[in-house]
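Q: Sharing a structure here in structure tokens format.
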Amino acid sequence: MARDYYGTLGVARGATDQEIKRAYRKLARELHPDVNPNEEDRFKEVTTAYEVLSDPEKRRVVDAGGDPLAGPGGAGGFGGDPFGSGGLGDIFQTFFGGGGGGGFGGGRGPRGRVRPGEAALVGVTLDLDEIAEGARKEITVDTAVLCDTCTGSGTRNDSKPVTCATCKGAGEIQAIQRSFLGQVMTVRECPECHGVGETIPDPCLKCAGDGRVRSRRTLTVKIPAGVQEGMRVRLTGQGEVGPGGGPAGDLYVEVSEASDDVFVRDADDLHCTVRVPMADAALGTEIEVPTVLGSVGTVVVDAGTQPGAVVKVRGHGMPHLNTGMRGDLHAHLDVVVPRKLDPTQTELLNSLREAIDDDVELVSTTSKSAGSGGLFSKLRNAFAGR
Ligand SMILES: [Zn+2]
Ligand SMILES: [Zn+2]
């Protein structure tokens, strides 16, 4: 039932990518509409065959006896393809969608009852430690699986599908209409068999002829360490079984990251906020910060550290997905001024104030001594930056 893409290009089934490309170029030069307007349909066929065979996923479907352009289709339409452009659904729509009007006349044929299944998508949420270590998560999926009563044939007992009487197996119905422009040929899907070319007179009672039933099952998926929000792990052949028991699509597990109480992740780096008492900021100290994978980063607070300073601790961030090399920990320091002082502390701070004898200073808008140049300078820079 599937179209012969290899035959269209005139290459062997085992042809290399190079051979396929060469065959296509040669044919495209001969058949291009600019050169040879009468061969436009063949040019389209050849181009379609090349598009299929040069795509490893689609070629895999062809080699398995299916037709990737037949599409998942079915009563539910193609809404289930979660991958947008490039998915089977799109291509299916361009060929079978309304309005086309027989552009691919000849060689289209019935789409076949057994078709590849759709991909499925499920989400899984991991906390920061699970992402750092990698995790095995149990997921529950609800997909179409092969009907075990008819093992996908869709027929009851030993009965067989028969050629559709309405379209004589073509899967489509052609009609020639006269209009003032001349004859117009229209092609539409056969309403009896829905383009399949066959009907099942005695369908399986469990799946009603579809060859598949819905089933909920639990799978364990291995999530590698270092994955990022939105990444997808593919489980080959664990998606939806196709109509007529066609090969199952893949299952994609999309990772979400639960927010953490302490750390904010930025790719492989981690950020945290550390409150440092005023005296520690002035005198300097070291702070131990337990991070992921059981490691403890030492945040070195230099004497004279100012509020808002950021201290980088190398190698205490998240492991990189591919290399396992760890990113950095960035400790954002918040200097804490005591809210209440007892009489002894007040006296001590008073002595300190006299000893240091710094003036209170109104920050100049052009001053560089205050680090960032003060509030107005910041504002001005922010506007200038636009
Ligand atoms: Zn069945
Ligand atoms: Zn039919």
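Identifiers in the structure tokens: chain A, B, ... in order shown; residue index from 1 per chain; ligand index from 1 in order shown.
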Could you list the protein, DNA and RNA residues that have any atom within 10 Å of ligand 1, counting only C-alpha atoms and all ligand atoms, and write them as a PyMOL selection string?

A: chain A and resi 146-157+203-213+244-245

Q: Keeping N, CA and C atoms, export the residues of the selection given above as a PDB file, in the first residue's frame.

A:
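Final file, again-v6.pdb:
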ATOM      1  N   LEU A 146      -1.349  -2.193  20.984  1.00  0.00           N
ATOM      2  CA  LEU A 146      -1.867  -3.211  20.082  1.00  0.00           C
ATOM      3  C   LEU A 146      -3.032  -3.952  20.741  1.00  0.00           C
ATOM      4  N   CYS A 147      -4.109  -4.153  19.994  1.00  0.00           N
ATOM      5  CA  CYS A 147      -5.250  -4.923  20.511  1.00  0.00           C
ATOM      6  C   CYS A 147      -4.815  -6.380  20.636  1.00  0.00           C
ATOM      7  N   ASP A 148      -4.955  -6.932  21.845  1.00  0.00           N
ATOM      8  CA  ASP A 148      -4.448  -8.298  22.017  1.00  0.00           C
ATOM      9  C   ASP A 148      -5.436  -9.352  21.511  1.00  0.00           C
ATOM     10  N   THR A 149      -6.651  -8.946  21.256  1.00  0.00           N
ATOM     11  CA  THR A 149      -7.621  -9.913  20.744  1.00  0.00           C
ATOM     12  C   THR A 149      -7.344 -10.254  19.274  1.00  0.00           C
ATOM     13  N   CYS A 150      -7.074  -9.231  18.460  1.00  0.00           N
ATOM     14  CA  CYS A 150      -6.872  -9.464  17.022  1.00  0.00           C
ATOM     15  C   CYS A 150      -5.415  -9.239  16.635  1.00  0.00           C
ATOM     16  N   THR A 151      -4.549  -8.943  17.612  1.00  0.00           N
ATOM     17  CA  THR A 151      -3.145  -8.589  17.389  1.00  0.00           C
ATOM     18  C   THR A 151      -2.971  -7.573  16.263  1.00  0.00           C
ATOM     19  N   GLY A 152      -3.872  -6.617  16.230  1.00  0.00           N
ATOM     20  CA  GLY A 152      -3.694  -5.487  15.314  1.00  0.00           C
ATOM     21  C   GLY A 152      -4.389  -5.626  13.976  1.00  0.00           C
ATOM     22  N   SER A 153      -4.895  -6.821  13.648  1.00  0.00           N
ATOM     23  CA  SER A 153      -5.488  -6.985  12.320  1.00  0.00           C
ATOM     24  C   SER A 153      -6.829  -6.250  12.210  1.00  0.00           C
ATOM     25  N   GLY A 154      -7.501  -6.074  13.341  1.00  0.00           N
ATOM     26  CA  GLY A 154      -8.796  -5.387  13.328  1.00  0.00           C
ATOM     27  C   GLY A 154      -9.946  -6.285  12.915  1.00  0.00           C
ATOM     28  N   THR A 155      -9.625  -7.511  12.539  1.00  0.00           N
ATOM     29  CA  THR A 155     -10.688  -8.416  12.066  1.00  0.00           C
ATOM     30  C   THR A 155     -11.062  -9.422  13.154  1.00  0.00           C
ATOM     31  N   ARG A 156     -12.258  -9.973  13.007  1.00  0.00           N
ATOM     32  CA  ARG A 156     -12.748 -10.935  13.984  1.00  0.00           C
ATOM     33  C   ARG A 156     -12.443 -12.347  13.504  1.00  0.00           C
ATOM     34  N   ASN A 157     -12.000 -13.163  14.429  1.00  0.00           N
ATOM     35  CA  ASN A 157     -11.632 -14.549  14.110  1.00  0.00           C
ATOM     36  C   ASN A 157     -10.710 -14.585  12.892  1.00  0.00           C
ATOM     37  N   PRO A 203     -15.553  -6.801  12.028  1.00  0.00           N
ATOM     38  CA  PRO A 203     -14.464  -6.249  12.836  1.00  0.00           C
ATOM     39  C   PRO A 203     -14.313  -6.906  14.205  1.00  0.00           C
ATOM     40  N   CYS A 204     -13.112  -6.857  14.714  1.00  0.00           N
ATOM     41  CA  CYS A 204     -12.792  -7.320  16.077  1.00  0.00           C
ATOM     42  C   CYS A 204     -13.691  -6.588  17.072  1.00  0.00           C
ATOM     43  N   LEU A 205     -14.277  -7.334  18.007  1.00  0.00           N
ATOM     44  CA  LEU A 205     -15.230  -6.724  18.935  1.00  0.00           C
ATOM     45  C   LEU A 205     -14.539  -5.825  19.956  1.00  0.00           C
ATOM     46  N   LYS A 206     -13.294  -6.110  20.235  1.00  0.00           N
ATOM     47  CA  LYS A 206     -12.614  -5.334  21.291  1.00  0.00           C
ATOM     48  C   LYS A 206     -12.173  -3.964  20.777  1.00  0.00           C
ATOM     49  N   CYS A 207     -11.618  -3.906  19.554  1.00  0.00           N
ATOM     50  CA  CYS A 207     -11.055  -2.643  19.067  1.00  0.00           C
ATOM     51  C   CYS A 207     -11.892  -2.043  17.939  1.00  0.00           C
ATOM     52  N   ALA A 208     -12.991  -2.701  17.585  1.00  0.00           N
ATOM     53  CA  ALA A 208     -13.892  -2.221  16.529  1.00  0.00           C
ATOM     54  C   ALA A 208     -13.161  -2.027  15.198  1.00  0.00           C
ATOM     55  N   GLY A 209     -12.122  -2.820  14.976  1.00  0.00           N
ATOM     56  CA  GLY A 209     -11.451  -2.781  13.678  1.00  0.00           C
ATOM     57  C   GLY A 209     -10.230  -1.885  13.619  1.00  0.00           C
ATOM     58  N   ASP A 210      -9.986  -1.135  14.681  1.00  0.00           N
ATOM     59  CA  ASP A 210      -8.863  -0.183  14.671  1.00  0.00           C
ATOM     60  C   ASP A 210      -7.519  -0.881  14.893  1.00  0.00           C
ATOM     61  N   GLY A 211      -7.546  -2.080  15.462  1.00  0.00           N
ATOM     62  CA  GLY A 211      -6.293  -2.811  15.690  1.00  0.00           C
ATOM     63  C   GLY A 211      -5.561  -2.383  16.945  1.00  0.00           C
ATOM     64  N   ARG A 212      -6.130  -1.426  17.659  1.00  0.00           N
ATOM     65  CA  ARG A 212      -5.452  -0.924  18.864  1.00  0.00           C
ATOM     66  C   ARG A 212      -6.510  -0.496  19.885  1.00  0.00           C
ATOM     67  N   VAL A 213      -6.086  -0.493  21.141  1.00  0.00           N
ATOM     68  CA  VAL A 213      -6.959  -0.060  22.231  1.00  0.00           C
ATOM     69  C   VAL A 213      -6.148   0.859  23.132  1.00  0.00           C
ATOM     70  N   GLY A 244      -4.551   0.292  12.650  1.00  0.00           N
ATOM     71  CA  GLY A 244      -4.276  -1.026  12.072  1.00  0.00           C
ATOM     72  C   GLY A 244      -3.109  -1.721  12.743  1.00  0.00           C
ATOM     73  N   GLY A 245      -2.736  -1.275  13.949  1.00  0.00           N
ATOM     74  CA  GLY A 245      -1.614  -1.897  14.653  1.00  0.00           C
ATOM     75  C   GLY A 245      -0.274  -1.485  14.074  1.00  0.00           C
TER      76      GLY A 245
END

Q: As an mmCIF file with all heavy atoms, in the first residue's frame, please: every residue in stretch 161-278 of chain A that DSSP puts in helix (DSSP H, G or I).

A:
data_model
loop_
_atom_site.group_PDB
_atom_site.id
_atom_site.type_symbol
_atom_site.label_atom_id
_atom_site.label_comp_id
_atom_site.auth_asym_id
_atom_site.auth_seq_id
_atom_site.Cartn_x
_atom_site.Cartn_y
_atom_site.Cartn_z
ATOM 1 N N PRO A 243 -2.835 3.275 13.596
ATOM 2 C CA PRO A 243 -4.051 2.609 13.126
ATOM 3 C C PRO A 243 -3.704 1.272 12.459
ATOM 4 O O PRO A 243 -2.658 1.167 11.825
ATOM 5 C CB PRO A 243 -4.618 3.586 12.094
ATOM 6 C CG PRO A 243 -3.979 4.895 12.399
ATOM 7 C CD PRO A 243 -2.655 4.598 13.006
ATOM 8 N N GLY A 244 -4.551 0.292 12.650
ATOM 9 C CA GLY A 244 -4.276 -1.026 12.072
ATOM 10 C C GLY A 244 -3.109 -1.721 12.743
ATOM 11 O O GLY A 244 -2.520 -2.635 12.191
ATOM 12 N N GLY A 245 -2.736 -1.275 13.949
ATOM 13 C CA GLY A 245 -1.614 -1.897 14.653
ATOM 14 C C GLY A 245 -0.274 -1.485 14.074
ATOM 15 O O GLY A 245 0.712 -2.203 14.218
ATOM 16 N N MET A 278 27.433 42.228 59.758
ATOM 17 C CA MET A 278 28.233 43.426 59.501
ATOM 18 C C MET A 278 29.708 43.247 59.883
ATOM 19 O O MET A 278 30.612 43.568 59.104
ATOM 20 C CB MET A 278 27.599 44.559 60.316
ATOM 21 C CG MET A 278 28.229 45.884 60.209
ATOM 22 S SD MET A 278 27.299 47.038 61.251
ATOM 23 C CE MET A 278 27.902 46.616 62.868
#

Q: List as a PyMOL selection string the protein and nucleic acid residues near stretch 123-127 of chain A, meaning an atom at most 8 Å away when only C-alpha atoms are counted, but skip any in the same chain fewer than 2 places from it.

A: chain A and resi 121+129-131+137+139+253-260

Q: Those residues you just picked out, can you put them in a file as a compact mmCIF listing (two decimals), in the first residue's frame with C-alpha atoms?

A:
# COMPACT_ATOMS: atom_id res chain seq x y z
CA LEU A 121 4.50 13.45 25.28
CA ASP A 129 19.20 17.09 43.68
CA GLU A 130 17.58 14.65 41.27
CA ILE A 131 18.76 16.71 38.33
CA LYS A 137 11.41 8.24 37.60
CA ILE A 139 5.79 7.78 34.81
CA VAL A 253 9.39 12.71 28.46
CA GLU A 254 9.73 16.44 29.06
CA VAL A 255 11.66 17.55 32.11
CA SER A 256 10.44 20.30 34.43
CA GLU A 257 12.55 21.60 37.26
CA ALA A 258 10.95 22.17 40.67
CA SER A 259 12.02 25.45 42.26
CA ASP A 260 14.53 25.09 45.07

Q: Can you pull out every residue with an atom within 10 Å of ligand 2? Use only C-alpha atoms and all ligand atoms and format it as a PyMOL selection string.

A: chain A and resi 110+163-173+189-199

Q: Residues as selected, N, CA and C atoms, written as a short mmCIF file (atom, residue, chain, number, x, y, z; two decimals), in the first residue's frame, can you do that?

A:
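Full text of part00.cif as output:
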data_model
loop_
_atom_site.label_atom_id
_atom_site.label_comp_id
_atom_site.auth_asym_id
_atom_site.auth_seq_id
_atom_site.Cartn_x
_atom_site.Cartn_y
_atom_site.Cartn_z
N PRO A 110 -4.43 4.63 -2.32
CA PRO A 110 -4.98 4.56 -0.97
C PRO A 110 -3.87 4.74 0.04
N THR A 163 -11.67 -5.33 -0.30
CA THR A 163 -11.50 -4.10 -1.06
C THR A 163 -12.77 -3.26 -0.97
N CYS A 164 -12.61 -1.98 -0.76
CA CYS A 164 -13.75 -1.08 -0.60
C CYS A 164 -14.56 -1.05 -1.89
N ALA A 165 -15.87 -1.29 -1.75
CA ALA A 165 -16.72 -1.35 -2.93
C ALA A 165 -16.96 0.04 -3.52
N THR A 166 -16.93 1.05 -2.69
CA THR A 166 -17.25 2.40 -3.16
C THR A 166 -16.16 2.98 -4.05
N CYS A 167 -14.89 2.81 -3.62
CA CYS A 167 -13.79 3.41 -4.38
C CYS A 167 -12.98 2.36 -5.13
N LYS A 168 -13.39 1.12 -5.06
CA LYS A 168 -12.68 0.00 -5.69
C LYS A 168 -11.23 -0.08 -5.22
N GLY A 169 -11.01 0.32 -4.00
CA GLY A 169 -9.67 0.19 -3.43
C GLY A 169 -8.77 1.39 -3.64
N ALA A 170 -9.26 2.41 -4.35
CA ALA A 170 -8.39 3.56 -4.64
C ALA A 170 -8.25 4.48 -3.44
N GLY A 171 -9.21 4.44 -2.53
CA GLY A 171 -9.15 5.30 -1.36
C GLY A 171 -9.65 6.71 -1.63
N GLU A 172 -9.91 7.00 -2.90
CA GLU A 172 -10.37 8.35 -3.24
C GLU A 172 -11.37 8.26 -4.38
N ILE A 173 -12.13 9.29 -4.50
CA ILE A 173 -13.15 9.31 -5.54
C ILE A 173 -12.90 10.51 -6.43
N GLU A 189 -11.51 12.20 -0.61
CA GLU A 189 -11.33 10.96 0.12
C GLU A 189 -12.60 10.14 0.05
N CYS A 190 -12.43 8.83 -0.08
CA CYS A 190 -13.60 7.94 -0.12
C CYS A 190 -14.31 7.96 1.23
N PRO A 191 -15.63 8.28 1.24
CA PRO A 191 -16.34 8.38 2.53
C PRO A 191 -16.58 7.01 3.18
N GLU A 192 -16.52 5.96 2.38
CA GLU A 192 -16.81 4.62 2.90
C GLU A 192 -15.63 4.09 3.72
N CYS A 193 -14.43 4.17 3.13
CA CYS A 193 -13.25 3.57 3.77
C CYS A 193 -12.32 4.64 4.34
N HIS A 194 -12.67 5.91 4.20
CA HIS A 194 -11.85 7.02 4.69
C HIS A 194 -10.43 6.98 4.14
N GLY A 195 -10.35 6.63 2.86
CA GLY A 195 -9.05 6.70 2.19
C GLY A 195 -8.21 5.45 2.30
N VAL A 196 -8.71 4.47 3.06
CA VAL A 196 -7.90 3.27 3.29
C VAL A 196 -7.91 2.33 2.08
N GLY A 197 -9.01 2.26 1.36
CA GLY A 197 -9.11 1.36 0.21
C GLY A 197 -9.66 -0.01 0.58
N GLU A 198 -9.80 -0.28 1.88
CA GLU A 198 -10.35 -1.56 2.33
C GLU A 198 -11.38 -1.29 3.41
N THR A 199 -12.28 -2.23 3.59
CA THR A 199 -13.17 -2.18 4.74
C THR A 199 -13.13 -3.53 5.43
#

Q: From a backbone DSSP assignment, name each residue in stretch 151-188 of chain A labelled strand (DSSP E), as a list in words.

A: Val162, Thr163, Glu172, Ile173, Gln174, Ala175, Ile176, Gln177, Arg178, Ser179, Gly182, Gln183, Val184, Met185, Thr186, Val187 and Arg188 of chain A

Q: Give me, please, the distance in Å between atom CA of A:Asp142 and atom CA of A:Arg115, quoted to one decimal.

A: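 Value for the atom CA of A:Asp142-atom CA of A:Arg115 distance: 19.4 Å.
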
Q: Using only C-alpha atoms, which residues sit within 12 Å of A:Gly284 once same-chain residues fewer than 5 positions away are excluded, as a list in words?

A: Val276, Pro277, Met278, Ala279, Val299, Val300, Val301, Asp302, Ala303, Gly304, Thr305, Gln306 and Val335 of chain A

Q: Which one is closest to A:Arg60: A:His332, A:Arg216, A:His32, A:Arg13? Count only C-alpha atoms.

A: A:Arg13

Q: Calculated over only C-alpha atoms, which of the candidates A:Asn350, A:Thr8, A:Phe180, A:Ser54 has the smallest distance to A:Arg42?

A: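 Of A:Asn350, A:Thr8, A:Phe180, A:Ser54, the one nearest A:Arg42 is A:Thr8, counting only C-alpha atoms.
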
Q: Rank nothing, just name the residue among A:Glu133, A:Asp268, A:Glu118, A:Asp67 nearest to A:Val52, using only C-alpha atoms.

A: A:Asp67

Q: Name all residues at most 10 Å from A:His271 (count only C-alpha atoms; drop same-chain ones fewer than 5 positions away) and give them as a PyMOL selection string.

A: chain A and resi 262-266+310-312+317+328-332

Q: Please dump the current selection as a CSV table (one decimal), in the first residue's frame; keep N, CA and C atoms.

A:
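Result written to result.csv:
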chain,number,residue,atom,x,y,z
A,262,VAL,N,16.7,27.2,48.2
A,262,VAL,CA,18.0,27.9,48.4
A,262,VAL,C,18.6,28.4,47.1
A,263,PHE,N,18.6,27.5,46.1
A,263,PHE,CA,19.4,27.8,44.9
A,263,PHE,C,18.5,28.2,43.8
A,264,VAL,N,19.1,29.1,43.0
A,264,VAL,CA,18.5,29.4,41.7
A,264,VAL,C,19.5,29.0,40.6
A,265,ARG,N,19.0,28.2,39.7
A,265,ARG,CA,19.9,27.6,38.7
A,265,ARG,C,19.9,28.5,37.4
A,266,ASP,N,21.1,28.6,36.9
A,266,ASP,CA,21.3,29.3,35.6
A,266,ASP,C,22.2,28.4,34.8
A,310,VAL,N,29.4,39.6,45.0
A,310,VAL,CA,29.1,38.2,44.6
A,310,VAL,C,30.5,37.5,44.6
A,311,VAL,N,30.5,36.4,45.4
A,311,VAL,CA,31.7,35.6,45.4
A,311,VAL,C,31.5,34.3,44.6
A,312,LYS,N,32.4,34.0,43.7
A,312,LYS,CA,32.3,32.8,42.9
A,312,LYS,C,33.1,31.7,43.5
A,317,GLY,N,28.8,24.0,41.2
A,317,GLY,CA,27.5,24.2,40.6
A,317,GLY,C,26.9,22.8,40.2
A,328,ASP,N,29.7,26.7,38.4
A,328,ASP,CA,30.1,27.4,39.6
A,328,ASP,C,29.0,27.8,40.5
A,329,LEU,N,29.3,28.0,41.8
A,329,LEU,CA,28.4,28.5,42.8
A,329,LEU,C,28.6,30.0,42.9
A,330,HIS,N,27.6,30.8,42.8
A,330,HIS,CA,27.7,32.3,43.0
A,330,HIS,C,27.0,32.7,44.3
A,331,ALA,N,27.7,33.1,45.3
A,331,ALA,CA,27.1,33.5,46.5
A,331,ALA,C,27.0,35.1,46.5
A,332,HIS,N,25.7,35.5,46.6
A,332,HIS,CA,25.4,36.9,46.6
A,332,HIS,C,25.3,37.3,48.1

Q: To one decimal place in Å, what is the distance between atom CA of A:Ala225 and atom CA of A:Asp269?

A: 14.0 Å

Q: Can you tell me how far atom CA of A:Leu128 sits from atom CA of A:Leu235, in Å to one decimal?

A: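 Result for atom CA of A:Leu128 versus atom CA of A:Leu235: 22.9 Å, one decimal.
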
Q: Give me, as a PyMOL selection string, all polymer residues having an atom no more than 12 Å from A:Val61, counting only C-alpha atoms and skipping those fewer than 2 positions away in the same chain.

A: chain A and resi 2-3+5+52-53+55-59+63-71+88+114-117+237+242+246-249
